[in-house]
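Notes follow the structure.
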Amino acid sequence: MFGRKKEEKTERTLVYAVLPAAGTSRRMGGENKLLLELAGKPVIRYTLEALEACDAIDGIVLSCREEEQDRYHALYREWGLTKPMITTVGGETRTQSVYHGVLACPPEVAYVAIHDAARPFVLPEQIARTVEAAKRDTAAALAVPVKDSIKRIKNGRMVEDVKRDTIVAAQTPQTFDIDLIRAALYHVIEDGIAVTDDIGAVETLGQPTTMVEGDYNNIKITTREDILIGERILKERRA
């Protein structure tokens with residue numbers, strides 16, 4: 001269903017990263033968290049530098065607010081980043097922003113690595129592992145084992161103990177054959193299906209996702225407390 005004719009496959013060889021970056025940063029008081037300083041550099045700069053350093057990524061699409069497009073392009077040049085970067089206007093939801101980003105990819109793109117712009121601690125080798133797995137299995141994502149005991153509840157009471165070895169915490173990047181993720185996102189948007197991430201979207205089409213070993217440090221910056229955690233992560237890495 002999602003394959004391409006052989007001659008098309010030879011034409012589509014690129015891998016692009018798609019970064020949804022149109023959020024309102026509500027839990028940061030409305031301040032753009034991607035431009036908050038983290039140990040002297042804006043959050044998004046770490047994300048972009050990881051993608052720049054990953055040989056598996058050929059270019060980037062940043063799905064952001066229209067009024068921020070010029071600023072992001074100027075910063076990209078200022079930071080000395082050289083891979084092609086396209087900006088497109090994001091949507092009202094994360095799913096819509098990702099879809100706009102996928103649609104903005106050049107026609108030569110065969111796979112897309114969808115990554116939260118606010119996950120600045122991903123490593124180039126982790127990105128590359130999802131690309132390798134997606135090329136083999138069509139869909140792949142980083143994930144880590146859950147550490148806490150997980151309980152299923154109903155009306156405030158525990159009804160079931162969930163075995164930890166059967167669940168993981170999904171991270172990004174989540175990497176896909178571009179035809180698959182484009183069809184999946186269109187499907188969930190058109191049918192009004194709520195999904196929490198992109199592997200949830202492809203699941204609605206019956207496509208399983210290969211889970212690739214992630215990293216507990218690959219956190220998403222959501223609150224100001226996460227900035228403090230991020231500074232600790234960077235300090236430990238530099239040590």
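Going by the structure tokens order, chains are called A, B, ..., each with residues numbered from 1, while ligands are numbered from 1 in the order shown.
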
Near stretch 125-129 of chain A, 12 Å: stretch 6-106 of chain A residue rows, closest pairs, only C-alpha atoms, as JSON lines:
{"residue": "A:Val15", "atom": "CA", "partner": "A:Ala128", "partner_atom": "CA", "distance": 10.4}
{"residue": "A:Tyr16", "atom": "CA", "partner": "A:Ile127", "partner_atom": "CA", "distance": 11.3}
{"residue": "A:Ala17", "atom": "CA", "partner": "A:Ile127", "partner_atom": "CA", "distance": 9.5}
{"residue": "A:Thr47", "atom": "CA", "partner": "A:Ile127", "partner_atom": "CA", "distance": 11.0}
{"residue": "A:Leu48", "atom": "CA", "partner": "A:Ile127", "partner_atom": "CA", "distance": 11.9}
{"residue": "A:Ala50", "atom": "CA", "partner": "A:Ile127", "partner_atom": "CA", "distance": 8.5}
{"residue": "A:Leu51", "atom": "CA", "partner": "A:Ile127", "partner_atom": "CA", "distance": 7.8}
{"residue": "A:Glu52", "atom": "CA", "partner": "A:Ile127", "partner_atom": "CA", "distance": 10.9}
{"residue": "A:Ala53", "atom": "CA", "partner": "A:Glu125", "partner_atom": "CA", "distance": 9.1}
{"residue": "A:Cys54", "atom": "CA", "partner": "A:Ala128", "partner_atom": "CA", "distance": 6.7}
{"residue": "A:Asp55", "atom": "CA", "partner": "A:Ala128", "partner_atom": "CA", "distance": 7.5}
{"residue": "A:Ala56", "atom": "CA", "partner": "A:Ala128", "partner_atom": "CA", "distance": 5.5}
{"residue": "A:Ile57", "atom": "CA", "partner": "A:Ala128", "partner_atom": "CA", "distance": 7.8}
{"residue": "A:Asp58", "atom": "CA", "partner": "A:Ala128", "partner_atom": "CA", "distance": 11.4}

Take the residues from that selection and write them out as a compact mmCIF listing (two decimals), in the first residue's frame, keeping N, CA, C and O atoms.
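Dumped everything to result-v8.txt:
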# COMPACT_ATOMS: atom_id res chain seq x y z
N VAL A 15 16.56 12.14 3.02
CA VAL A 15 15.91 12.04 4.33
C VAL A 15 15.88 13.44 4.93
O VAL A 15 16.92 14.08 5.08
N TYR A 16 14.69 13.91 5.25
CA TYR A 16 14.54 15.24 5.87
C TYR A 16 13.99 15.09 7.29
O TYR A 16 13.21 14.19 7.56
N ALA A 17 14.43 15.98 8.14
CA ALA A 17 13.85 16.09 9.47
C ALA A 17 12.72 17.11 9.43
O ALA A 17 12.86 18.18 8.81
N THR A 47 19.03 21.40 19.09
CA THR A 47 18.30 20.47 18.24
C THR A 47 18.82 20.53 16.81
O THR A 47 19.10 19.50 16.18
N LEU A 48 18.95 21.74 16.28
CA LEU A 48 19.40 21.91 14.91
C LEU A 48 20.84 21.46 14.72
O LEU A 48 21.20 20.89 13.68
N ALA A 50 22.32 19.04 16.36
CA ALA A 50 22.32 17.58 16.34
C ALA A 50 21.94 17.07 14.96
O ALA A 50 22.54 16.11 14.44
N LEU A 51 20.96 17.70 14.33
CA LEU A 51 20.55 17.30 12.98
C LEU A 51 21.64 17.63 11.96
O LEU A 51 21.88 16.87 11.03
N GLU A 52 22.31 18.77 12.14
CA GLU A 52 23.42 19.15 11.27
C GLU A 52 24.54 18.11 11.33
O GLU A 52 25.17 17.78 10.32
N ALA A 53 24.78 17.57 12.53
CA ALA A 53 25.89 16.64 12.73
C ALA A 53 25.53 15.20 12.32
O ALA A 53 26.42 14.35 12.29
N CYS A 54 24.27 14.95 12.01
CA CYS A 54 23.85 13.59 11.66
C CYS A 54 23.93 13.39 10.15
O CYS A 54 23.18 14.02 9.38
N ASP A 55 24.79 12.50 9.71
CA ASP A 55 24.99 12.27 8.28
C ASP A 55 23.75 11.68 7.61
O ASP A 55 23.61 11.76 6.39
N ALA A 56 22.85 11.09 8.40
CA ALA A 56 21.65 10.46 7.83
C ALA A 56 20.59 11.48 7.43
O ALA A 56 19.64 11.14 6.73
N ILE A 57 20.75 12.73 7.87
CA ILE A 57 19.76 13.78 7.58
C ILE A 57 20.29 14.71 6.50
O ILE A 57 21.40 15.25 6.61
N ASP A 58 19.49 14.90 5.45
CA ASP A 58 19.92 15.73 4.32
C ASP A 58 19.40 17.16 4.40
O ASP A 58 19.97 18.07 3.78

Could the residues of stretch 62-96 of chain A that have an atom at most 12 Å from stretch 117-122 of chain A be listed as a tab-separated table, each with its closest atom pair and the distance in Å to one decimal, counting only C-alpha atoms and ordered by chain and ascending residue number?
residue	atom	partner	partner_atom	distance
A:Leu62	CA	A:Ala117	CA	8.5
A:Ser63	CA	A:Ala117	CA	9.5
A:Cys64	CA	A:Ala117	CA	10.0
A:Arg94	CA	A:Ala117	CA	11.3

Each stretch 7-112 of chain A residue no farther than 8 Å from stretch 169-189 of chain A, nearest pair in Å, only C-alpha atoms, as a Markdown table:
| residue | atom | partner | partner_atom | distance |
| --- | --- | --- | --- | --- |
| A:Thr95 | CA | A:Leu185 | CA | 7.0 |
| A:Gln96 | CA | A:Ile189 | CA | 7.3 |
| A:Tyr99 | CA | A:Leu185 | CA | 6.1 |
| A:Val102 | CA | A:Arg182 | CA | 6.6 |
| A:Leu103 | CA | A:Arg182 | CA | 7.5 |
| A:Val109 | CA | A:Ile178 | CA | 7.3 |
| A:Ala110 | CA | A:Ile178 | CA | 5.6 |
| A:Tyr111 | CA | A:Asp177 | CA | 4.6 |
| A:Val112 | CA | A:Thr175 | CA | 5.5 |

Atoms to include: N, CA and C atoms. Write the selected residues as a CSV table (one decimal), in the first residue's frame.
chain,number,residue,atom,x,y,z
A,95,THR,N,-0.3,17.8,15.3
A,95,THR,CA,-0.5,16.9,14.1
A,95,THR,C,-0.6,17.7,12.8
A,96,GLN,N,-1.3,18.8,12.9
A,96,GLN,CA,-1.4,19.7,11.7
A,96,GLN,C,-0.1,20.3,11.3
A,99,TYR,N,2.0,17.6,9.6
A,99,TYR,CA,1.5,17.4,8.3
A,99,TYR,C,1.9,18.5,7.3
A,102,VAL,N,5.5,17.8,6.5
A,102,VAL,CA,5.7,16.7,5.6
A,102,VAL,C,5.3,17.2,4.1
A,103,LEU,N,4.3,17.9,4.0
A,103,LEU,CA,3.9,18.4,2.7
A,103,LEU,C,4.9,19.3,2.1
A,109,VAL,N,12.4,13.6,-1.4
A,109,VAL,CA,12.5,13.1,0.0
A,109,VAL,C,11.8,11.7,0.0
A,110,ALA,N,12.5,10.7,0.6
A,110,ALA,CA,11.9,9.4,0.7
A,110,ALA,C,11.5,9.1,2.1
A,111,TYR,N,12.2,9.6,3.1
A,111,TYR,CA,11.9,9.4,4.5
A,111,TYR,C,11.9,10.7,5.3
A,112,VAL,N,11.1,10.7,6.3
A,112,VAL,CA,11.1,11.9,7.2
A,112,VAL,C,11.3,11.5,8.6

From the options A:Leu123, A:Ile150, A:Ala133, A:Leu38, which residue's atoms come nearest to A:Leu228, counting only C-alpha atoms? A:Leu38

Check stretch 5-223 of chain A with DSSP on the backbone and list each residue it calls alpha helix (DSSP H), as a PyMOL selection string. chain A and resi 6-11+43-53+69-78+94-103+124-137+178-190+198-203

Once DSSP has gone over the backbone, tell me which residues of stretch 32-163 of chain A are in strand (DSSP E), as an NGL selection string. :A and (37-38 or 41-42 or 59-64 or 85-89 or 109-114 or 139-145 or 150-154 or 157-162)

Give me the residues within 9 Å of stretch 163-168 of chain A as a PyMOL selection string, counting only C-alpha atoms and dropping any in the same chain fewer than 2 places off. chain A and resi 143-151+161+170+211

Selection above as a file: N, CA, C and O atoms, as a PDB file, in the first residue's frame:
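What ended up in again_6.pdb:
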ATOM      1  N   ALA A 143      12.576   5.031  21.937  1.00  0.00           N
ATOM      2  CA  ALA A 143      11.760   4.764  23.126  1.00  0.00           C
ATOM      3  C   ALA A 143      12.674   4.299  24.249  1.00  0.00           C
ATOM      4  O   ALA A 143      13.768   3.785  24.009  1.00  0.00           O
ATOM      5  N   VAL A 144      12.216   4.489  25.479  1.00  0.00           N
ATOM      6  CA  VAL A 144      12.956   4.013  26.651  1.00  0.00           C
ATOM      7  C   VAL A 144      12.022   3.213  27.545  1.00  0.00           C
ATOM      8  O   VAL A 144      10.812   3.471  27.586  1.00  0.00           O
ATOM      9  N   PRO A 145      12.560   2.235  28.289  1.00  0.00           N
ATOM     10  CA  PRO A 145      11.727   1.480  29.229  1.00  0.00           C
ATOM     11  C   PRO A 145      11.151   2.395  30.303  1.00  0.00           C
ATOM     12  O   PRO A 145      11.777   3.391  30.690  1.00  0.00           O
ATOM     13  N   VAL A 146       9.978   2.077  30.774  1.00  0.00           N
ATOM     14  CA  VAL A 146       9.345   2.839  31.851  1.00  0.00           C
ATOM     15  C   VAL A 146       9.920   2.370  33.179  1.00  0.00           C
ATOM     16  O   VAL A 146      10.021   1.172  33.441  1.00  0.00           O
ATOM     17  N   LYS A 147      10.321   3.316  34.024  1.00  0.00           N
ATOM     18  CA  LYS A 147      10.941   2.979  35.310  1.00  0.00           C
ATOM     19  C   LYS A 147       9.920   2.796  36.428  1.00  0.00           C
ATOM     20  O   LYS A 147      10.101   1.955  37.306  1.00  0.00           O
ATOM     21  N   ASP A 148       8.876   3.594  36.414  1.00  0.00           N
ATOM     22  CA  ASP A 148       7.911   3.561  37.513  1.00  0.00           C
ATOM     23  C   ASP A 148       6.953   2.390  37.390  1.00  0.00           C
ATOM     24  O   ASP A 148       6.763   1.820  36.302  1.00  0.00           O
ATOM     25  N   SER A 149       6.332   2.025  38.498  1.00  0.00           N
ATOM     26  CA  SER A 149       5.244   1.060  38.466  1.00  0.00           C
ATOM     27  C   SER A 149       4.030   1.738  37.845  1.00  0.00           C
ATOM     28  O   SER A 149       3.691   2.866  38.202  1.00  0.00           O
ATOM     29  N   ILE A 150       3.383   1.064  36.912  1.00  0.00           N
ATOM     30  CA  ILE A 150       2.262   1.631  36.188  1.00  0.00           C
ATOM     31  C   ILE A 150       0.975   0.935  36.610  1.00  0.00           C
ATOM     32  O   ILE A 150       0.910  -0.301  36.633  1.00  0.00           O
ATOM     33  N   LYS A 151      -0.039   1.708  36.931  1.00  0.00           N
ATOM     34  CA  LYS A 151      -1.331   1.173  37.349  1.00  0.00           C
ATOM     35  C   LYS A 151      -2.430   1.710  36.438  1.00  0.00           C
ATOM     36  O   LYS A 151      -2.424   2.885  36.076  1.00  0.00           O
ATOM     37  N   ASP A 161      -2.685  -3.913  37.481  1.00  0.00           N
ATOM     38  CA  ASP A 161      -1.253  -3.653  37.510  1.00  0.00           C
ATOM     39  C   ASP A 161      -0.701  -3.911  36.108  1.00  0.00           C
ATOM     40  O   ASP A 161      -0.872  -5.007  35.571  1.00  0.00           O
ATOM     41  N   ALA A 170       7.601   6.533  24.536  1.00  0.00           N
ATOM     42  CA  ALA A 170       8.024   6.913  23.188  1.00  0.00           C
ATOM     43  C   ALA A 170       8.671   8.293  23.204  1.00  0.00           C
ATOM     44  O   ALA A 170       8.258   9.183  23.934  1.00  0.00           O
ATOM     45  N   MET A 211      10.567  -0.054  17.581  1.00  0.00           N
ATOM     46  CA  MET A 211      11.042   0.816  18.650  1.00  0.00           C
ATOM     47  C   MET A 211      12.550   0.651  18.801  1.00  0.00           C
ATOM     48  O   MET A 211      13.065  -0.460  18.958  1.00  0.00           O
TER      49      MET A 211
END

Contacts of A:Ile233 within 10 Å, only C-alpha atoms, excl. fewer than 5 positions in-chain, as a count of residues only: 8

Nearest to A:Thr209: which of A:Lys235, A:Lys83, A:Lys135, A:His115 is it, counting only C-alpha atoms? A:Lys135

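In this structure, atom CA of A:Asp226 sits 10.5 Å away from atom CA of A:Lys33.
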
Using only C-alpha atoms, which protein or nucleic acid residues come within 8 Å of A:Gly101? Drop anything in the same chain fewer than 3 positions from it, and give the result as a ChimeraX atom specification. /A:18-20,61-63,88,90,97-98,104-105

Mind dumping the selected residues with N, CA and C atoms as a compact mmCIF listing (two decimals), in the first residue's frame?
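Below you can see selection_14.txt, which holds the result:
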# COMPACT_ATOMS: atom_id res chain seq x y z
N VAL A 18 11.61 16.79 10.06
CA VAL A 18 10.48 17.71 10.17
C VAL A 18 10.33 18.08 11.65
N LEU A 19 10.40 19.38 11.94
CA LEU A 19 10.33 19.86 13.32
C LEU A 19 9.06 20.67 13.53
N PRO A 20 8.09 20.15 14.27
CA PRO A 20 6.95 20.99 14.64
C PRO A 20 7.38 22.02 15.68
N VAL A 61 12.86 20.68 7.65
CA VAL A 61 11.66 21.51 7.49
C VAL A 61 11.22 21.94 8.88
N LEU A 62 11.12 23.24 9.09
CA LEU A 62 10.69 23.79 10.37
C LEU A 62 9.27 24.33 10.19
N SER A 63 8.34 23.71 10.91
CA SER A 63 6.94 24.11 10.82
C SER A 63 6.64 25.03 11.99
N THR A 88 7.80 26.38 6.98
CA THR A 88 6.42 26.40 6.53
C THR A 88 5.55 26.78 7.71
N GLY A 90 2.96 26.44 10.51
CA GLY A 90 2.38 25.35 11.26
C GLY A 90 0.87 25.46 11.36
N SER A 97 0.70 20.68 12.30
CA SER A 97 2.02 21.25 12.01
C SER A 97 2.94 20.22 11.36
N VAL A 98 2.90 18.99 11.87
CA VAL A 98 3.72 17.94 11.28
C VAL A 98 3.27 17.68 9.83
N ALA A 104 5.65 20.03 2.92
CA ALA A 104 6.63 21.00 2.44
C ALA A 104 7.95 20.36 2.02
N CYS A 105 8.11 19.07 2.25
CA CYS A 105 9.36 18.39 1.88
C CYS A 105 9.54 18.38 0.36

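Among the candidates A:Glu49, A:Glu236, A:Asp137, A:Asp197, the one nearest to A:Gly80 when counting only C-alpha atoms is A:Glu49.
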
Which neighbours of A:Pro208 fall inside 8 Å, counting only C-alpha atoms, when residues of the same chain fewer than 3 positions from it are skipped, and could you give them as number ranges by chain? A: 139, 202-203

Save the residues we just selected, N, CA, C and O atoms, as a short mmCIF file (atom, residue, chain, number, x, y, z; two decimals), in the first residue's frame?
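Generated output (part-v6.cif):
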data_model
loop_
_atom_site.label_atom_id
_atom_site.label_comp_id
_atom_site.auth_asym_id
_atom_site.auth_seq_id
_atom_site.Cartn_x
_atom_site.Cartn_y
_atom_site.Cartn_z
N ALA A 139 8.69 2.18 9.53
CA ALA A 139 8.40 3.12 10.62
C ALA A 139 9.25 2.75 11.83
O ALA A 139 9.36 1.57 12.19
N VAL A 202 0.22 6.40 12.38
CA VAL A 202 0.42 5.28 11.46
C VAL A 202 -0.24 4.01 11.98
O VAL A 202 -0.62 3.13 11.19
N GLU A 203 -0.41 3.92 13.29
CA GLU A 203 -1.09 2.75 13.85
C GLU A 203 -2.53 2.67 13.37
O GLU A 203 -3.08 1.58 13.21
#
